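Here is the file query_4.txt (compact mmCIF, C-alpha atoms).
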# COMPACT_ATOMS: atom_id res chain seq x y z
CA MET W 1 7.60 -15.43 -2.63
CA THR W 2 7.54 -14.38 1.02
CA ALA W 3 9.47 -11.91 3.08
CA THR W 4 10.09 -12.17 6.79
CA ALA W 5 10.95 -9.32 9.13
CA THR W 6 11.62 -9.43 12.82
CA LEU W 7 12.49 -6.99 15.54
CA SER W 8 13.76 -8.01 18.94
CA MET W 9 11.02 -9.78 20.88
CA ALA W 10 8.53 -9.27 18.03
CA PRO W 11 7.05 -12.25 16.20
CA ALA W 12 8.03 -12.59 12.54
CA ALA W 13 5.69 -11.25 9.89
CA THR W 14 4.93 -13.54 6.97
CA VAL W 15 4.07 -11.68 3.78
CA ILE W 16 2.11 -13.27 0.95
CA ARG W 17 0.78 -12.16 -2.39
CA ALA W 18 -2.99 -12.24 -2.13
CA ASP W 19 -5.14 -14.45 -4.31
CA TYR W 20 -8.40 -12.60 -4.91
CA ALA W 21 -10.20 -15.94 -5.47
CA ASN W 22 -9.16 -17.15 -1.98
CA ALA W 23 -11.99 -16.36 0.47
CA ASP W 24 -9.59 -16.00 3.41
CA HIS W 25 -7.40 -13.55 1.49
CA ALA W 26 -10.48 -11.62 0.31
CA ALA W 27 -11.78 -11.31 3.88
CA ALA W 28 -8.35 -10.18 5.11
CA ILE W 29 -8.17 -7.49 2.40
CA VAL W 30 -11.57 -6.11 3.38
CA GLU W 31 -10.73 -6.30 7.10
CA MET W 32 -7.46 -4.42 6.71
CA LEU W 33 -8.88 -1.78 4.37
CA ARG W 34 -11.62 -1.18 6.95
CA VAL W 35 -8.88 -0.74 9.60
CA TYR W 36 -7.24 1.81 7.31
CA ALA W 37 -10.48 3.63 6.51
CA MET W 38 -11.42 3.95 10.20
CA ASP W 39 -7.99 5.31 11.14
CA PRO W 40 -7.70 9.12 11.14
CA MET W 41 -5.11 8.76 8.33
CA GLY W 42 -7.71 6.94 6.23
CA GLY W 43 -10.54 9.39 6.81
CA GLY W 44 -11.90 8.06 10.11
CA ALA W 45 -15.02 6.36 8.72
CA ASP W 46 -15.81 2.73 7.95
CA LEU W 47 -16.26 1.54 4.39
CA SER W 48 -19.86 1.30 3.26
CA PRO W 49 -21.33 -2.20 2.96
CA GLN W 50 -21.40 -1.69 -0.82
CA VAL W 51 -17.68 -0.87 -0.96
CA GLN W 52 -16.90 -3.84 1.27
CA ALA W 53 -18.85 -6.11 -1.10
CA ASP W 54 -17.35 -4.62 -4.28
CA LEU W 55 -13.72 -4.21 -3.14
CA VAL W 56 -12.17 -7.60 -3.91
CA PRO W 57 -14.23 -8.28 -7.07
CA GLY W 58 -13.18 -4.82 -8.28
CA LEU W 59 -9.52 -5.50 -7.56
CA ALA W 60 -9.79 -8.89 -9.26
CA ALA W 61 -11.31 -7.25 -12.35
CA THR W 62 -8.47 -4.71 -12.54
CA PRO W 63 -5.54 -6.28 -14.42
CA ALA W 64 -3.05 -3.78 -12.94
CA ALA W 65 -4.07 -4.54 -9.33
CA SER W 66 -2.30 -6.76 -6.86
CA SER W 67 -2.36 -7.01 -3.09
CA VAL W 68 0.10 -8.12 -0.45
CA LEU W 69 -0.95 -9.35 3.00
CA ALA W 70 1.15 -9.59 6.15
CA TYR W 71 0.35 -12.07 8.88
CA VAL W 72 1.70 -12.50 12.38
CA GLY W 73 0.86 -16.08 13.18
CA ASP W 74 -2.66 -16.60 11.87
CA GLU W 75 -3.67 -12.98 12.36
CA VAL W 76 -3.72 -10.50 9.47
CA ALA W 77 -1.47 -7.58 10.42
CA GLY W 78 -0.99 -5.55 7.23
CA LEU W 79 -2.09 -4.91 3.67
CA ALA W 80 -0.76 -3.16 0.60
CA ASN W 81 -2.91 -2.66 -2.51
CA LEU W 82 -0.76 -2.00 -5.54
CA MET W 83 -1.29 -0.77 -9.09
CA THR W 84 1.26 -1.53 -11.77
CA THR W 85 1.35 1.25 -14.31
CA PHE W 86 3.85 2.77 -16.73
CA SER W 87 6.44 5.51 -16.49
CA SER W 88 6.48 7.35 -19.80
CA PHE W 89 9.74 9.13 -18.91
CA ALA W 90 11.55 5.85 -18.19
CA ALA W 91 9.55 3.68 -20.63
CA LYS W 92 9.30 1.04 -17.91
CA PRO W 93 6.66 -0.22 -15.48
CA LEU W 94 6.23 1.36 -12.08
CA ILE W 95 4.34 0.18 -9.04
CA ASN W 96 2.14 2.57 -7.10
CA ILE W 97 1.29 1.67 -3.52
CA HIS W 98 -2.36 2.70 -3.59
CA ASP W 99 -3.11 1.66 0.01
CA ILE W 100 -0.83 0.49 2.79
CA VAL W 101 -1.86 -0.22 6.36
CA VAL W 102 -0.51 -2.01 9.40
CA ALA W 103 -2.91 -2.85 12.24
CA LYS W 104 -2.27 -0.60 15.27
CA GLU W 105 -1.12 -3.45 17.49
CA TYR W 106 1.64 -4.34 14.98
CA ARG W 107 2.95 -0.88 14.14
CA GLY W 108 6.64 -0.55 14.89
CA SER W 109 7.16 -4.33 14.86
CA GLY W 110 8.59 -4.71 11.35
CA VAL W 111 5.33 -5.56 9.55
CA GLY W 112 5.54 -2.42 7.39
CA ARG W 113 9.16 -3.13 6.48
CA ALA W 114 8.21 -6.70 5.53
CA LEU W 115 5.43 -5.40 3.26
CA PHE W 116 7.84 -2.98 1.59
CA ALA W 117 10.44 -5.71 1.07
CA GLU W 118 7.90 -7.82 -0.83
CA ILE W 119 6.64 -4.80 -2.81
CA GLU W 120 10.19 -4.01 -3.91
CA THR W 121 10.75 -7.67 -4.87
CA MET W 122 7.61 -7.54 -7.00
CA ALA W 123 8.76 -4.27 -8.59
CA ARG W 124 12.11 -5.76 -9.52
CA GLU W 125 10.41 -8.86 -10.98
CA VAL W 126 8.50 -6.70 -13.49
CA GLY W 127 11.50 -4.46 -14.22
CA ALA W 128 9.89 -1.43 -12.60
CA CYS W 129 11.87 1.79 -12.54
CA LYS W 130 10.35 2.95 -9.25
CA VAL W 131 7.76 2.48 -6.54
CA THR W 132 5.48 5.42 -5.73
CA LEU W 133 3.09 6.23 -2.91
CA GLU W 134 1.14 9.10 -1.42
CA VAL W 135 1.28 10.10 2.25
CA LEU W 136 -0.53 12.74 4.26
CA GLU W 137 1.70 15.59 5.43
CA GLY W 138 0.70 14.98 9.05
CA ASN W 139 1.33 11.24 9.06
CA MET W 140 4.70 11.53 10.76
CA PRO W 141 5.18 7.83 11.69
CA ALA W 142 4.52 6.70 8.11
CA LYS W 143 6.74 9.43 6.69
CA ALA W 144 9.55 8.36 9.02
CA LEU W 145 9.23 4.74 7.88
CA TYR W 146 9.10 5.68 4.20
CA ALA W 147 12.10 8.01 4.50
CA SER W 148 14.09 5.30 6.31
CA LEU W 149 13.42 3.03 3.32
CA GLY W 150 14.65 5.63 0.81
CA TYR W 151 11.36 7.22 -0.26
CA GLY W 152 11.12 10.98 -0.61
CA ASP W 153 9.50 13.92 -2.35
CA TYR W 154 9.20 13.79 -6.11
CA GLN W 155 10.57 16.61 -8.20
CA LEU W 156 11.98 16.89 -11.70
CA ASP W 157 13.61 20.29 -11.22
CA PRO W 158 14.14 21.73 -7.72
CA LYS W 159 13.45 25.22 -9.10
CA MET W 160 9.91 24.09 -10.00
CA GLY W 161 9.21 22.62 -6.56
CA LYS W 162 7.78 19.34 -5.38
CA ALA W 163 5.11 17.43 -7.24
CA LEU W 164 1.65 17.64 -5.71
CA PHE W 165 -0.99 14.91 -5.78
CA TRP W 166 -4.34 16.43 -6.77
CA GLN W 167 -7.74 14.91 -7.32
CA LYS W 168 -11.16 15.74 -8.71
CA ARG W 169 -14.03 13.60 -7.45
CA LEU W 170 -16.52 12.56 -10.10
CA GLU W 171 -20.19 11.98 -9.48
CA THR W 172 -21.18 8.39 -10.12

Show me the file's structure as structure tokens.
Amino acid sequence: MTATATLSMAPAATVIRADYANADHAAAIVEMLRVYAMDPMGGGADLSPQVQADLVPGLAATPAASSVLAYVGDEVAGLANLMTTFSSFAAKPLINIHDIVVAKEYRGSGVGRALFAEIETMAREVGACKVTLEVLEGNMPAKALYASLGYGDYQLDPKMGKALFWQKRLET
């Protein structure tokens, strides 16, 4: 299934579901995740050679993982890495957007919206109750896009405040 998005004067984005066994898709996933990692919103540092080598095999070995690629012509323009998991409160699947990136030269051209359209199609196909994502507080362009698509803060009870996304890094 593909989604197409266009803005005036902007070329259409073609969105595909990545095949981890396809060498071109695998290279595009690594390329776009490197773009994300080197962006200030991704930490500002390139992925190590080991992570680059292990990324796609690791995704392929993770049954809950899927990836969506956006192309403008023959050029990769965007990526979303997804994890399908389970909402215990709804007793239904949910899709978490683990990574999403649009190459700088394509931001604002509809590539992000095309990625989200395909993600939401995939979520509906599995009967998901929601799509989740994390965003940095200072990433105003991304927050504006997400809000325009209906995404917002998560809270069960406004008196208890917004949910926070915490982490603990483990030594490997």

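Relative to atom CA of Arg34 of chain W, atom CA of Ala60 of chain W is found at 18.0 Å.
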
Computed gap from atom CA of Thr132 of chain W to atom CA of Gly44 of chain W is 23.7 Å

Interatomic distance, atom CA of Glu31 of chain W to atom CA of Leu133 of chain W (Å, one decimal)
21.2 Å

Which residues, written as a PyMOL selection string, have at least one atom at most 9 Å from Pro63 of chain W, with all atoms listed in the file counted and residues fewer than 3 positions away on the same chain left out?
chain W and resi 59-60+66+83-84

Neighbour list for Glu105 of chain W as an mmCIF file with C-alpha atoms, in the frame of the given file, cut-off 12 Å, only C-alpha atoms, skip fewer than 5 positions in-chain:
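Saved to part_30.cif:
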data_model
loop_
_atom_site.group_PDB
_atom_site.id
_atom_site.type_symbol
_atom_site.label_atom_id
_atom_site.label_comp_id
_atom_site.auth_asym_id
_atom_site.auth_seq_id
_atom_site.Cartn_x
_atom_site.Cartn_y
_atom_site.Cartn_z
ATOM 1 C CA ALA W 10 8.530 -9.270 18.030
ATOM 2 C CA VAL W 35 -8.880 -0.740 9.600
ATOM 3 C CA VAL W 72 1.700 -12.500 12.380
ATOM 4 C CA GLU W 75 -3.670 -12.980 12.360
ATOM 5 C CA VAL W 76 -3.720 -10.500 9.470
ATOM 6 C CA ALA W 77 -1.470 -7.580 10.420
ATOM 7 C CA GLY W 78 -0.990 -5.550 7.230
ATOM 8 C CA GLY W 110 8.590 -4.710 11.350
ATOM 9 C CA VAL W 111 5.330 -5.560 9.550
#

Sorted by chain and rising residue number, list the residues of segment 16-66 of chain W at most 12 Å from segment 118-123 of chain W (counting only C-alpha atoms), each with its closest atom pair and distance in Å to one decimal, as CSV.
residue,atom,partner,partner_atom,distance
W:Ile16,CA,W:Glu118,CA,8.1
W:Arg17,CA,W:Glu118,CA,8.5
W:Ala18,CA,W:Glu118,CA,11.8
W:Ser66,CA,W:Met122,CA,9.9

Using only C-alpha atoms, find the one residue out of W:Leu79, W:Val102, W:Met41, W:Ala117 that sits nearest to Ala27 of chain W.
W:Leu79

If you take all atoms listed in the file and a cut-off of 12 Å, which residues of segment 45-126 of chain W touch segment 135-140 of chain W, and what are their nearest atom pairs and distances in Å to one decimal, in chain and number order, as a tab-separated table?
residue	atom	partner	partner_atom	distance
W:Ile97	CA	W:Val135	CA	10.2
W:His98	CA	W:Val135	CA	10.1
W:Asp99	CA	W:Val135	CA	9.8
W:Ile100	CA	W:Val135	CA	9.9
W:Val101	CA	W:Val135	CA	11.5

Kindly list the centre and edge lengths in Å, rounded to one decimal, for the axis-aligned box that covers all listed atoms of segment 143-161 of chain W plus 3 Å on each of its six sides, as lines of an AutoDock Vina configuration file.
center_x = 10.7
center_y = 14.1
center_z = -1.3
size_x = 13.9
size_y = 28.2
size_z = 26.7

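Remark: for Ile95 of chain W, the closest of the candidate residues W:Gly127, W:Pro57, W:Gly73, W:Gly108 is W:Gly127 (distances computed over all atoms listed in the file).
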
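With only the atoms specified (all atoms listed in the file) counting, those residues at most 12 Å away from (11.7, 12.4, -16.9) are Ser87, Ser88, Phe89, Ala90, Ala91, Lys92, Cys129, Tyr154, Gln155, Leu156 and Asp157 of chain W.
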
Output of the above residues as a short mmCIF file (atom, residue, chain, number, x, y, z; two decimals), keeping the file's coordinate frame, restricted to C-alpha atoms:
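Saved as again10.cif:
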data_model
loop_
_atom_site.label_atom_id
_atom_site.label_comp_id
_atom_site.auth_asym_id
_atom_site.auth_seq_id
_atom_site.Cartn_x
_atom_site.Cartn_y
_atom_site.Cartn_z
CA SER W 87 6.44 5.51 -16.49
CA SER W 88 6.48 7.35 -19.80
CA PHE W 89 9.74 9.13 -18.91
CA ALA W 90 11.55 5.85 -18.19
CA ALA W 91 9.55 3.68 -20.63
CA LYS W 92 9.30 1.04 -17.91
CA CYS W 129 11.87 1.79 -12.54
CA TYR W 154 9.20 13.79 -6.11
CA GLN W 155 10.57 16.61 -8.20
CA LEU W 156 11.98 16.89 -11.70
CA ASP W 157 13.61 20.29 -11.22
#

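Between Leu69 of chain W and the candidates W:Ser109, W:Ser48, W:Thr14, W:Asn96, the tightest atom-to-atom separation, counting all atoms listed in the file, involves W:Thr14.
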